[in-house]
Each structure stands twice: as structure tokens, then as C-alpha cells.
$ cat final23.tsv   # TSV, C-alpha atoms
chain	number	residue	atom	x	y	z
A	33	MET	CA	-168.97	-42.48	5.01
A	34	THR	CA	-169.21	-39.38	7.14
A	35	THR	CA	-166.13	-37.28	7.73
A	36	GLU	CA	-165.30	-36.68	11.35
A	37	ARG	CA	-164.43	-33.03	11.81
A	38	ILE	CA	-163.08	-32.23	15.25
A	39	ALA	CA	-163.24	-28.62	16.37
A	40	PRO	CA	-159.81	-27.19	17.15
A	41	PRO	CA	-159.04	-26.56	20.82
A	42	LEU	CA	-159.56	-23.11	22.27
A	43	THR	CA	-156.32	-23.30	24.23
A	44	GLY	CA	-153.11	-25.23	23.84
A	45	GLY	CA	-149.59	-25.13	22.57
A	46	GLU	CA	-148.71	-23.60	19.23
A	47	ARG	CA	-147.94	-26.87	17.45
A	48	GLU	CA	-151.03	-28.62	18.81
A	49	MET	CA	-153.23	-25.75	17.64
A	50	LEU	CA	-151.62	-25.56	14.19
A	51	ARG	CA	-152.13	-29.32	13.74
A	52	ALA	CA	-155.74	-29.12	14.90
A	53	PHE	CA	-156.66	-26.17	12.68
A	54	LEU	CA	-155.00	-27.76	9.66
A	55	ASP	CA	-156.86	-31.03	10.25
A	56	PHE	CA	-160.11	-29.12	10.77
A	57	HIS	CA	-159.73	-27.48	7.36
A	58	ARG	CA	-158.75	-30.75	5.70
A	59	ALA	CA	-161.91	-32.33	7.10
A	60	THR	CA	-163.99	-29.36	5.93
A	61	LEU	CA	-162.94	-29.93	2.31
A	62	ALA	CA	-163.77	-33.63	2.65
A	63	MET	CA	-167.20	-32.74	4.07
A	64	LYS	CA	-167.93	-30.40	1.17
A	65	CYS	CA	-167.35	-33.31	-1.21
A	66	GLU	CA	-169.33	-35.96	0.67
A	67	GLY	CA	-172.35	-37.56	-0.94
A	68	LEU	CA	-171.70	-36.21	-4.44
A	69	THR	CA	-171.34	-38.19	-7.64
A	70	GLU	CA	-168.19	-38.03	-9.70
A	71	GLU	CA	-170.03	-35.85	-12.22
A	72	GLN	CA	-171.14	-33.44	-9.50
A	73	LEU	CA	-167.60	-33.23	-8.14
A	74	ARG	CA	-166.44	-32.24	-11.64
A	75	LEU	CA	-168.98	-29.44	-12.12
A	76	ARG	CA	-167.17	-26.21	-12.88
A	77	SER	CA	-167.82	-23.03	-10.94
A	78	SER	CA	-168.28	-20.63	-13.83
A	79	PRO	CA	-166.67	-21.46	-17.13
A	80	PRO	CA	-164.15	-20.73	-18.49
A	81	SER	CA	-162.76	-21.38	-15.00
A	82	THR	CA	-161.92	-25.05	-14.47
A	83	LEU	CA	-162.51	-24.77	-10.70
A	84	SER	CA	-164.51	-27.70	-9.30
A	85	LEU	CA	-164.62	-29.62	-6.04
A	86	LEU	CA	-162.63	-32.46	-7.57
A	87	GLY	CA	-160.15	-29.91	-8.90
A	88	LEU	CA	-159.78	-28.46	-5.40
A	89	VAL	CA	-159.03	-31.92	-3.99
A	90	ARG	CA	-156.39	-32.44	-6.68
A	91	HIS	CA	-154.94	-28.98	-6.10
A	92	MET	CA	-154.70	-29.51	-2.35
A	93	ALA	CA	-152.89	-32.82	-2.95
A	94	GLU	CA	-150.32	-30.83	-4.93
A	95	VAL	CA	-150.12	-28.15	-2.23
A	96	GLU	CA	-149.59	-30.70	0.55
A	97	ARG	CA	-146.97	-32.50	-1.56
A	98	THR	CA	-145.09	-29.34	-2.43
A	99	TRP	CA	-144.93	-27.74	0.99
A	100	PHE	CA	-144.38	-30.78	3.15
A	101	ARG	CA	-142.55	-33.31	0.96
A	102	ARG	CA	-140.66	-31.06	-1.44
A	103	VAL	CA	-139.95	-28.04	0.77
A	104	ILE	CA	-139.73	-29.32	4.37
A	105	GLY	CA	-138.92	-32.97	3.60
A	106	LYS	CA	-136.51	-32.01	0.79
A	107	GLU	CA	-137.83	-34.89	-1.33
A	108	ASP	CA	-137.13	-34.74	-5.05
A	109	VAL	CA	-140.62	-35.68	-6.21
A	110	PRO	CA	-142.59	-34.16	-9.10
A	111	LEU	CA	-146.09	-32.81	-8.77
A	112	VAL	CA	-148.78	-35.46	-9.12
A	113	TRP	CA	-150.55	-34.06	-12.19
A	114	SER	CA	-148.00	-31.74	-13.76
A	115	PRO	CA	-144.49	-32.72	-14.75
A	116	ASP	CA	-143.86	-29.00	-15.41
A	117	GLY	CA	-144.76	-27.91	-11.87
A	118	ASP	CA	-147.90	-26.03	-12.96
A	119	PHE	CA	-150.40	-26.08	-10.07
A	120	GLN	CA	-153.18	-24.97	-12.43
A	121	VAL	CA	-153.20	-28.36	-14.17
A	122	ALA	CA	-154.69	-29.98	-11.06
A	123	TYR	CA	-157.73	-27.69	-11.18
A	124	ASP	CA	-158.86	-29.15	-14.50
A	125	ALA	CA	-160.72	-32.25	-13.36
A	126	GLY	CA	-162.60	-32.80	-16.62
A	127	ASP	CA	-161.07	-36.24	-17.11
A	128	ALA	CA	-160.07	-36.80	-13.50
A	129	ASP	CA	-160.84	-39.97	-11.62
A	130	ARG	CA	-162.47	-39.45	-8.22
A	131	GLY	CA	-160.74	-42.43	-6.61
A	132	GLU	CA	-157.33	-41.39	-7.88
A	133	ALA	CA	-157.80	-37.79	-6.73
A	134	PHE	CA	-158.97	-38.65	-3.23
A	135	ALA	CA	-156.32	-41.37	-2.84
A	136	ALA	CA	-153.57	-38.95	-3.87
A	137	TRP	CA	-154.88	-36.29	-1.49
A	138	ALA	CA	-155.14	-38.76	1.41
A	139	ALA	CA	-151.63	-40.05	0.73
A	140	GLU	CA	-150.19	-36.53	0.68
A	141	VAL	CA	-151.98	-35.62	3.91
A	142	GLU	CA	-150.46	-38.70	5.58
A	143	HIS	CA	-146.99	-37.83	4.26
A	144	ALA	CA	-147.45	-34.29	5.57
A	145	ARG	CA	-148.47	-35.51	9.01
A	146	ARG	CA	-145.44	-37.82	9.22
A	147	ILE	CA	-143.05	-35.06	8.17
A	148	GLU	CA	-144.54	-32.58	10.61
A	149	ARG	CA	-144.50	-35.02	13.53
A	150	ALA	CA	-140.91	-36.06	12.80
A	151	ALA	CA	-139.68	-32.46	12.79
A	152	PRO	CA	-138.04	-31.57	16.10
A	153	SER	CA	-139.59	-28.10	16.10
A	154	LEU	CA	-141.61	-25.59	14.12
A	155	ASP	CA	-138.33	-23.81	13.41
A	156	VAL	CA	-137.17	-26.54	11.00
A	157	THR	CA	-136.62	-24.92	7.60
A	158	GLY	CA	-136.81	-25.89	3.99
A	159	HIS	CA	-136.24	-23.94	0.80
A	160	MET	CA	-139.10	-22.71	-1.38
A	161	PRO	CA	-137.53	-22.32	-4.83
A	162	LYS	CA	-140.44	-20.31	-6.22
A	163	TRP	CA	-139.86	-17.66	-3.55
A	164	GLY	CA	-136.09	-18.08	-3.46
A	165	GLU	CA	-136.34	-18.16	0.35
A	166	ASP	CA	-136.00	-20.52	3.26
A	167	VAL	CA	-139.23	-21.06	5.17
A	168	SER	CA	-140.01	-22.59	8.55
A	169	LEU	CA	-142.36	-25.47	9.24
A	170	ARG	CA	-144.40	-22.92	11.22
A	171	LEU	CA	-144.88	-20.83	8.06
A	172	VAL	CA	-145.73	-23.94	6.04
A	173	MET	CA	-148.44	-24.97	8.48
A	174	LEU	CA	-149.86	-21.44	8.57
A	175	HIS	CA	-149.73	-21.25	4.78
A	176	LEU	CA	-151.61	-24.55	4.45
A	177	ILE	CA	-154.28	-23.36	6.90
A	178	HIS	CA	-154.64	-20.20	4.81
A	179	GLU	CA	-154.75	-22.20	1.57
A	180	TYR	CA	-157.43	-24.58	2.86
A	181	ALA	CA	-159.51	-21.78	4.39
A	182	ARG	CA	-159.49	-19.85	1.11
A	183	HIS	CA	-160.36	-22.89	-0.98
A	184	ASN	CA	-162.98	-24.08	1.50
A	185	GLY	CA	-164.73	-20.77	0.81
A	186	HIS	CA	-164.72	-21.72	-2.87
A	187	ALA	CA	-165.97	-25.19	-1.91
A	188	ASP	CA	-168.90	-23.61	-0.02
A	189	PHE	CA	-170.08	-21.86	-3.18
A	190	LEU	CA	-169.45	-24.87	-5.41
A	191	ARG	CA	-171.43	-27.19	-3.14
A	192	GLU	CA	-174.32	-24.75	-2.79
A	193	ALA	CA	-174.52	-24.44	-6.59
A	194	ILE	CA	-174.59	-28.23	-6.95
A	195	ASP	CA	-177.30	-29.21	-4.48
A	196	GLY	CA	-178.13	-26.23	-2.29
A	197	SER	CA	-176.16	-27.50	0.72
A	198	VAL	CA	-174.74	-24.70	2.83
A	199	GLY	CA	-172.69	-24.56	6.01
A	200	ALA	CA	-170.18	-27.06	7.20
$ encode --input "final23.tsv" --output "C-alpha cells"
Amino acid sequence: MTTERIAPPLTGGEREMLRAFLDFHRATLAMKCEGLTEEQLRLRSSPPSTLSLLGLVRHMAEVERTWFRRVIGKEDVPLVWSPDGDFQVAYDAGDADRGEAFAAWAAEVEHARRIERAAPSLDVTGHMPKWGEDVSLRLVMLHLIHEYARHNGHADFLREAIDGSVGA
């Protein structure tokens, strides 16, 4: 299967552009993982770091879940891989199952899209307990774009180390 990655528009409304850039970065992570075996997806960047492509997918599932479902949606749901709320647990994909990781990520992306589309405006707020602050949906979308962009840079290096593939 080939991931369809649609370039964000060059003009448009704020919400449309935030959605498009977020989806672009989601698709970029998927593209970086395409065509690899489960073992390749688990390869660590540089031990002792547990960072791997599969770990990034798991981490981004947690990030999507936290910011959209827990913060904006105000859902009382635990993290997927850590009952203690430790995001670092998701990075360790040593025993992770590819299907479970990608299914969890896809499910969280769909939840996030539903929550965002149901919100009447980007000014909707939720509370981020870790920061002790209320945050807007606008900030959440910008934060997710930042988070994906940063981790897609990691994914570039991970993929190149695995099979020499560069670019996106």
C-alpha cells in the first residue's frame, strides 16, 4: 500500500491550512515506515536510545490521544502503552506488535479528526494538566504539527540508516 500524501494548500483559511499541514505530516510518518519489515521498524537509532520508527508511531498515537481526546475532548482515557502516563514507554518498541501500533495510531488520528471537526472554532479550550494551563484547539493543532515535523526529522535518519532511502 502506498500512502497518499497531499501537499498542503498555499492559500486558504487558518483551520483548513492547519488540518492540511497536520495531515501532511501524518502521511510523512506513514511514508517513512512503508515497505519495511517489523524487524526493520524496530531497529533502534543509536543504543541506548530506544528510538525506532515503530516507537515513533506508538509515541505519536499517545500524542494524538493526549492532546485531542484527553485535553480537547476531555475524555478520561489512559495512555495506550503506559498506565502511569509516561510517554517514554511508547518509544520502546522492542516487543511491540506492528499491527497493534499502526492500528492504535490510525484510531487516534481518526478520533483527533472527529474532535477537531466537531469543535465550533479553533478557540475551543481544554486543560493540559502537565502545564497547569488551558490551551486552545489552535495551539493543539500547531503543537501536533511541530511534534510530527520534529519526529519526521528523526524518521528521515532512521529510514536512511535502515535501507538508504532519503527524502519524502
$ closest_residue --input "final23.tsv" --among "A:Met63, A:Leu86, A:Ile194, A:Leu42" --to "Asp129 of chain A" --atoms "all atoms listed in the file"
A:Leu86
$ residues_around --input "final23.tsv" --residues "segment 71-80 of chain A" --least-positions-apart "5" --cutoff "10 Å" --atoms "all atoms listed in the file" --output "list of chain:residue names"
A:Lys64, A:Cys65, A:Glu66, A:Leu85, A:Leu86, A:Gly87, A:Leu88, A:Val89, A:Tyr123, A:Asp124, A:Ala125, A:Gly126, A:Asp127, A:Ala128, A:Asp129, A:Arg130, A:His186, A:Ala187, A:Phe189, A:Leu190, A:Arg191, A:Ala193, A:Ile194, A:Asp195
$ closest_residue --input "final23.tsv" --among "A:Gly117, A:Gly105, A:Gly67, A:Gly45" --to "Ser168 of chain A" --atoms "only C-alpha atoms"
A:Gly105
$ closest_residue --input "final23.tsv" --among "A:Arg182, A:Asp55, A:Ser84, A:Glu70" --to "Glu142 of chain A" --atoms "only C-alpha atoms"
A:Asp55
$ closest_residue --input "final23.tsv" --among "A:Ala122, A:Leu171, A:Ala150, A:Ala136" --to "Val103 of chain A" --atoms "all atoms listed in the file"
A:Leu171
$ residues_near_point --input "final23.tsv" --point "(-136.9, -24.1, 9.7)" --cutoff "10 Å" --atoms "only C-alpha atoms" --output "list in words"
Ile104, Ala151, Pro152, Ser153, Leu154, Asp155, Val156, Thr157, Gly158, His159, Asp166, Val167, Ser168, Leu169, Arg170, Leu171 and Val172 of chain A
$ write_last_selection --input "final23.tsv" --atoms "C-alpha atoms" --output "CSV table (one decimal), in the frame of the given file"
chain,number,residue,atom,x,y,z
A,104,ILE,CA,-139.7,-29.3,4.4
A,151,ALA,CA,-139.7,-32.5,12.8
A,152,PRO,CA,-138.0,-31.6,16.1
A,153,SER,CA,-139.6,-28.1,16.1
A,154,LEU,CA,-141.6,-25.6,14.1
A,155,ASP,CA,-138.3,-23.8,13.4
A,156,VAL,CA,-137.2,-26.5,11.0
A,157,THR,CA,-136.6,-24.9,7.6
A,158,GLY,CA,-136.8,-25.9,4.0
A,159,HIS,CA,-136.2,-23.9,0.8
A,166,ASP,CA,-136.0,-20.5,3.3
A,167,VAL,CA,-139.2,-21.1,5.2
A,168,SER,CA,-140.0,-22.6,8.6
A,169,LEU,CA,-142.4,-25.5,9.2
A,170,ARG,CA,-144.4,-22.9,11.2
A,171,LEU,CA,-144.9,-20.8,8.1
A,172,VAL,CA,-145.7,-23.9,6.0
$ atom_distance --input "final23.tsv" --atom1 "atom CA of Leu174 of chain A" --atom2 "atom CA of Leu50 of chain A"
7.2 Å
$ closest_residue --input "final23.tsv" --among "A:Arg102, A:Arg51, A:His57, A:His143" --to "Arg37 of chain A" --atoms "only C-alpha atoms"
A:His57
$ atom_distance --input "final23.tsv" --atom1 "atom CA of Ala139 of chain A" --atom2 "atom CA of Asn184 of chain A"
19.6 Å
$ atom_distance --input "final23.tsv" --atom1 "atom CA of Tyr180 of chain A" --atom2 "atom CA of Arg58 of chain A"
6.9 Å
$ closest_residue --input "final23.tsv" --among "A:Phe53, A:Phe119, A:Trp137, A:Trp113" --to "Glu96 of chain A" --atoms "all atoms listed in the file"
A:Trp137
$ decode --input "final23.tsv" --residues "segment 178-191 of chain A" --atoms "N, CA, C and O atoms" --output "tab-separated table (two decimals), in the first residue's frame"
chain	number	residue	atom	x	y	z
A	178	HIS	N	4.16	20.67	14.99
A	178	HIS	CA	5.55	20.77	15.48
A	178	HIS	C	6.08	19.39	15.88
A	178	HIS	O	7.20	19.00	15.53
A	179	GLU	N	5.27	18.65	16.63
A	179	GLU	CA	5.68	17.33	17.11
A	179	GLU	C	5.96	16.37	15.94
A	179	GLU	O	6.97	15.68	15.92
A	180	TYR	N	5.05	16.34	14.98
A	180	TYR	CA	5.27	15.49	13.80
A	180	TYR	C	6.49	15.94	13.01
A	180	TYR	O	7.30	15.11	12.58
A	181	ALA	N	6.64	17.23	12.79
A	181	ALA	CA	7.77	17.73	12.00
A	181	ALA	C	9.09	17.33	12.65
A	181	ALA	O	10.02	16.88	11.96
A	182	ARG	N	9.17	17.49	13.96
A	182	ARG	CA	10.39	17.13	14.68
A	182	ARG	C	10.66	15.64	14.56
A	182	ARG	O	11.77	15.21	14.24
A	183	HIS	N	9.64	14.84	14.81
A	183	HIS	CA	9.84	13.39	14.76
A	183	HIS	C	9.99	12.87	13.34
A	183	HIS	O	10.65	11.85	13.13
A	184	ASN	N	9.44	13.55	12.36
A	184	ASN	CA	9.68	13.14	10.98
A	184	ASN	C	11.14	13.37	10.59
A	184	ASN	O	11.68	12.65	9.75
A	185	GLY	N	11.78	14.35	11.20
A	185	GLY	CA	13.23	14.51	11.01
A	185	GLY	C	13.97	13.30	11.56
A	185	GLY	O	14.90	12.79	10.93
A	186	HIS	N	13.54	12.82	12.73
A	186	HIS	CA	14.14	11.60	13.28
A	186	HIS	C	13.88	10.43	12.33
A	186	HIS	O	14.76	9.60	12.09
A	187	ALA	N	12.65	10.36	11.82
A	187	ALA	CA	12.27	9.26	10.93
A	187	ALA	C	13.12	9.27	9.66
A	187	ALA	O	13.47	8.20	9.14
A	188	ASP	N	13.48	10.46	9.16
A	188	ASP	CA	14.36	10.55	7.99
A	188	ASP	C	15.68	9.82	8.25
A	188	ASP	O	16.13	9.02	7.43
A	189	PHE	N	16.29	10.12	9.40
A	189	PHE	CA	17.58	9.49	9.72
A	189	PHE	C	17.44	8.00	9.99
A	189	PHE	O	18.29	7.21	9.57
A	190	LEU	N	16.37	7.61	10.68
A	190	LEU	CA	16.15	6.19	10.94
A	190	LEU	C	15.99	5.42	9.64
A	190	LEU	O	16.60	4.37	9.46
A	191	ARG	N	15.17	5.92	8.72
A	191	ARG	CA	14.93	5.23	7.47
A	191	ARG	C	16.21	5.16	6.63
A	191	ARG	O	16.52	4.11	6.04
